[in-house]
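Okay, so here's the structure we're looking at.
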Amino acid sequence: MKLQITFILISFVMNSFAQNTFIAHRGASYLAPENTVASAKLAWELGADAVEVDVYLSKDNRVMVIHDKDTKRTCSGKKNLTIKDSPSILLRDLDAGVWKDEKYKGEKIPFLSEIIETVPENKTLVVEIKCGSEVLPALKRCVEKSGKQEQIIFIAFGWNTILDTKNEFPDNKCYWLSAIKPGLKNKMKQAAEKGLDGINLRYSIVDKELVVAAKELNLEVLTWTVDDPVEAKRLTEIGVTGITTNRPKWLKEEMAKL
């Protein structure tokens, strides 16, 4: 029995984020256009431990990397397109980079497969599912074809969506996202019972008591979106393992000075 418990504990540690993991929010989005190949590549160059991207399903069942349900905010083109109602060929015709800087002109809304291709060995891609479970069949095909399935984890605000994702990807880590503190401890218990691997919370609701309660349930705690080194240090000290930030290199350097 003792050997079995030891094995379980070792397995949990090996499959968890290391302390002080820096997750680049939509890539290196402080410097490059969010959720683009350029942003992901720059994040890796800047030493990010992981990159987080957002996905929606297009009308022709392609997994598109974009945060919003439409293209209005981050794309330049003839018209605003809703992702779920638009075929990928039209979405890809828009410019997803020039709004940030002229040097990024020509960046396209990426297919998730293009982002996965950028992931180096021993690094992690965090895929946030912005739509619902309808994306899972296409997502599964994409991830399995990539050959990098073991490097991918999933997050979602949708409770049923993240549970469905865990059922579809039982060997991949899945985290439920939340920004609301009331009722959170009860939801954490449900997350543990349903086999989720952790929670990913807005940094302002995270305190020591919550982290302790999560760890008692064998749930990891990740947090978003932190660009303040003092706050990042506080979160690290109370046991948060992964910190999502727009400025991975800068934040790491500034934390080292504290």
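Residues in the structure tokens are named by chain (A, B, ... in the order shown) and by number from 1 within that chain; ligands are numbered from 1 in the order shown.
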
**Message:** Could you go through stretch 173-215 of chain A and tell me which residues DSSP, when run on the backbone, assigns to helix (DSSP H, G or I), listing them as JSON, numbers by chain?
**Reply:** {"A": [184, 185, 186, 187, 188, 189, 190, 191, 192, 193, 203, 204, 205, 208, 209, 210, 211, 212, 213, 214, 215]}

**Request:** Name the residues in contact with A:Phe111 at a cut-off of 12 Å, using only C-alpha atoms, excluding same-chain residues fewer than 4 positions from it; report them as JSON, numbers by chain.
**Result:** {"A": [35, 36, 37, 53, 54, 55, 56, 57, 58, 61, 62, 63, 64, 65, 66, 88, 89, 91, 92, 107, 115, 116, 117, 118, 138, 139, 142, 143]}

Okay, now the selection with C-alpha atoms, as a PDB file, in the first residue's frame?
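What landed in result_36.pdb:
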```pdb
ATOM      1  CA  ASN A  35      -2.983  34.560 -30.771  1.00  0.00           C
ATOM      2  CA  THR A  36      -0.766  34.575 -33.854  1.00  0.00           C
ATOM      3  CA  VAL A  37       2.120  32.381 -34.936  1.00  0.00           C
ATOM      4  CA  VAL A  53      -4.015  30.399 -26.910  1.00  0.00           C
ATOM      5  CA  ASP A  54      -7.779  30.594 -27.445  1.00  0.00           C
ATOM      6  CA  VAL A  55      -9.778  28.553 -29.944  1.00  0.00           C
ATOM      7  CA  TYR A  56     -13.122  28.629 -31.720  1.00  0.00           C
ATOM      8  CA  LEU A  57     -14.585  26.285 -34.315  1.00  0.00           C
ATOM      9  CA  SER A  58     -15.158  27.711 -37.801  1.00  0.00           C
ATOM     10  CA  ASN A  61     -14.928  22.612 -38.718  1.00  0.00           C
ATOM     11  CA  ARG A  62     -11.422  24.047 -38.475  1.00  0.00           C
ATOM     12  CA  VAL A  63      -9.972  24.906 -35.077  1.00  0.00           C
ATOM     13  CA  MET A  64      -9.126  28.608 -35.293  1.00  0.00           C
ATOM     14  CA  VAL A  65      -6.901  30.488 -32.842  1.00  0.00           C
ATOM     15  CA  ILE A  66      -8.628  33.709 -31.802  1.00  0.00           C
ATOM     16  CA  SER A  88     -11.784  29.277 -42.560  1.00  0.00           C
ATOM     17  CA  ILE A  89     -10.807  30.469 -46.057  1.00  0.00           C
ATOM     18  CA  LEU A  91     -11.214  34.083 -41.882  1.00  0.00           C
ATOM     19  CA  ARG A  92      -7.703  33.469 -43.162  1.00  0.00           C
ATOM     20  CA  GLU A 107      -0.244  37.608 -39.989  1.00  0.00           C
ATOM     21  CA  ILE A 115       0.544  26.968 -33.287  1.00  0.00           C
ATOM     22  CA  ILE A 116       1.230  23.397 -32.168  1.00  0.00           C
ATOM     23  CA  GLU A 117       4.019  23.179 -34.736  1.00  0.00           C
ATOM     24  CA  THR A 118       5.871  25.985 -32.919  1.00  0.00           C
ATOM     25  CA  ALA A 138     -12.082  18.570 -34.703  1.00  0.00           C
ATOM     26  CA  LEU A 139      -9.814  19.360 -31.751  1.00  0.00           C
ATOM     27  CA  CYS A 142      -5.890  18.113 -34.750  1.00  0.00           C
ATOM     28  CA  VAL A 143      -4.155  17.177 -31.507  1.00  0.00           C
TER      29      VAL A 143
END
```

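Shortest atom-to-atom contact with A:Lys145 among A:Ala43, A:Ala256, A:Val211, A:Leu112: A:Leu112, counting only C-alpha atoms.
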
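Non-sequential neighbours of A:Pro33 (distance at most 9 Å, separation of 4 or more positions within a chain, only C-alpha atoms) are Arg26, Gly27, Ala28, Ser29, Val37, Ala38, Ser39, Thr74, Ala96, Gly97, Val98, Trp99, Lys100, Asp101, Tyr104 and Glu107 of chain A.
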
**Asked** So which residues touch A:Asp93 within 12 Å, counting only C-alpha atoms, skipping near sequence neighbours fewer than 2 positions away, as number ranges by chain?
**Response** A: 71, 75-81, 86-91, 95-96, 106-110

**Item:** For atom CA of A:Glu216 and atom CA of A:Ala156, the interatomic separation in Å (one decimal)
**Value:** 22.3 Å

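Considering the residues A:Ala24, A:Val212, A:Leu196, A:Ile152 and counting only C-alpha atoms, A:Glu237 has its shortest atom-to-atom contact with A:Val212.
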
Those of stretch 125-198 of chain A in DSSP strand (DSSP E), formatted as a compact mmCIF listing (two decimals) with N, CA and C atoms, in the first residue's frame:
```txt
# COMPACT_ATOMS: atom_id res chain seq x y z
N LEU A 125 1.72 23.74 -24.40
CA LEU A 125 0.72 24.60 -25.01
C LEU A 125 -0.58 24.49 -24.21
N VAL A 126 -1.09 25.62 -23.78
CA VAL A 126 -2.34 25.69 -23.04
C VAL A 126 -3.43 26.15 -24.00
N VAL A 127 -4.41 25.30 -24.25
CA VAL A 127 -5.47 25.61 -25.21
C VAL A 127 -6.75 25.94 -24.45
N GLU A 128 -7.17 27.20 -24.56
CA GLU A 128 -8.43 27.60 -23.94
C GLU A 128 -9.56 27.45 -24.95
N ILE A 129 -10.55 26.67 -24.60
CA ILE A 129 -11.70 26.46 -25.47
C ILE A 129 -12.72 27.56 -25.18
N ILE A 152 0.17 19.19 -24.48
CA ILE A 152 -0.98 20.08 -24.54
C ILE A 152 -1.88 19.88 -23.33
N ILE A 153 -2.32 20.99 -22.74
CA ILE A 153 -3.34 20.95 -21.69
C ILE A 153 -4.50 21.83 -22.13
N PHE A 154 -5.65 21.64 -21.48
CA PHE A 154 -6.86 22.34 -21.87
C PHE A 154 -7.46 23.10 -20.70
N ILE A 155 -8.01 24.27 -21.00
CA ILE A 155 -8.71 25.06 -20.00
C ILE A 155 -10.00 25.59 -20.63
N ALA A 156 -11.01 25.86 -19.79
CA ALA A 156 -12.27 26.41 -20.28
C ALA A 156 -13.08 26.96 -19.11
N CYS A 174 -6.64 18.96 -17.61
CA CYS A 174 -7.75 19.88 -17.88
C CYS A 174 -8.05 20.71 -16.63
N TYR A 175 -8.20 22.01 -16.84
CA TYR A 175 -8.42 22.94 -15.74
C TYR A 175 -9.67 23.77 -16.00
N TRP A 176 -10.44 23.98 -14.95
CA TRP A 176 -11.62 24.84 -15.05
C TRP A 176 -11.23 26.27 -14.72
N LEU A 177 -11.67 27.21 -15.55
CA LEU A 177 -11.39 28.62 -15.36
C LEU A 177 -12.51 29.30 -14.59
N SER A 178 -12.14 30.23 -13.71
CA SER A 178 -13.15 31.00 -13.00
C SER A 178 -12.58 32.33 -12.51
N GLY A 198 -7.08 20.60 -12.11
CA GLY A 198 -6.83 21.82 -11.36
C GLY A 198 -7.81 22.90 -11.73
```

**Item:** Residues within 9 Å of A:Leu163, only C-alpha atoms, excluding chain neighbours under 3 positions, as an MDAnalysis selection string
**Value:** chainID A and resid 158:160 166:168 174 176 191 194:196

Do you know which residues are at most 9 Å from A:Ile205 counting only C-alpha atoms, after dropping those on the same chain fewer than 2 positions away, and could you put them as a PDB file with N, CA and C atoms, in the first residue's frame?
```pdb
ATOM      1  N   ALA A 179     -13.463  33.320 -12.442  1.00  0.00           N
ATOM      2  CA  ALA A 179     -13.107  34.615 -11.880  1.00  0.00           C
ATOM      3  C   ALA A 179     -13.989  34.956 -10.689  1.00  0.00           C
ATOM      4  N   ILE A 180     -14.783  33.994 -10.234  1.00  0.00           N
ATOM      5  CA  ILE A 180     -15.774  34.238  -9.191  1.00  0.00           C
ATOM      6  C   ILE A 180     -15.438  33.427  -7.945  1.00  0.00           C
ATOM      7  N   LYS A 181     -15.323  34.113  -6.810  1.00  0.00           N
ATOM      8  CA  LYS A 181     -14.936  33.437  -5.575  1.00  0.00           C
ATOM      9  C   LYS A 181     -16.097  32.783  -4.823  1.00  0.00           C
ATOM     10  N   LEU A 201      -7.498  30.496 -12.080  1.00  0.00           N
ATOM     11  CA  LEU A 201      -8.318  31.555 -11.497  1.00  0.00           C
ATOM     12  C   LEU A 201      -7.768  32.948 -11.768  1.00  0.00           C
ATOM     13  N   ARG A 202      -8.685  33.920 -11.815  1.00  0.00           N
ATOM     14  CA  ARG A 202      -8.254  35.315 -11.838  1.00  0.00           C
ATOM     15  C   ARG A 202      -7.416  35.572 -10.581  1.00  0.00           C
ATOM     16  N   TYR A 203      -6.273  36.191 -10.757  1.00  0.00           N
ATOM     17  CA  TYR A 203      -5.305  36.304  -9.660  1.00  0.00           C
ATOM     18  C   TYR A 203      -5.877  37.003  -8.435  1.00  0.00           C
ATOM     19  N   ASP A 207      -6.044  33.321  -2.686  1.00  0.00           N
ATOM     20  CA  ASP A 207      -5.350  33.542  -1.418  1.00  0.00           C
ATOM     21  C   ASP A 207      -4.816  32.209  -0.895  1.00  0.00           C
ATOM     22  N   LEU A 210      -7.310  29.358  -0.088  1.00  0.00           N
ATOM     23  CA  LEU A 210      -7.855  28.709  -1.272  1.00  0.00           C
ATOM     24  C   LEU A 210      -6.858  27.716  -1.867  1.00  0.00           C
TER      25      LEU A 210
END
```
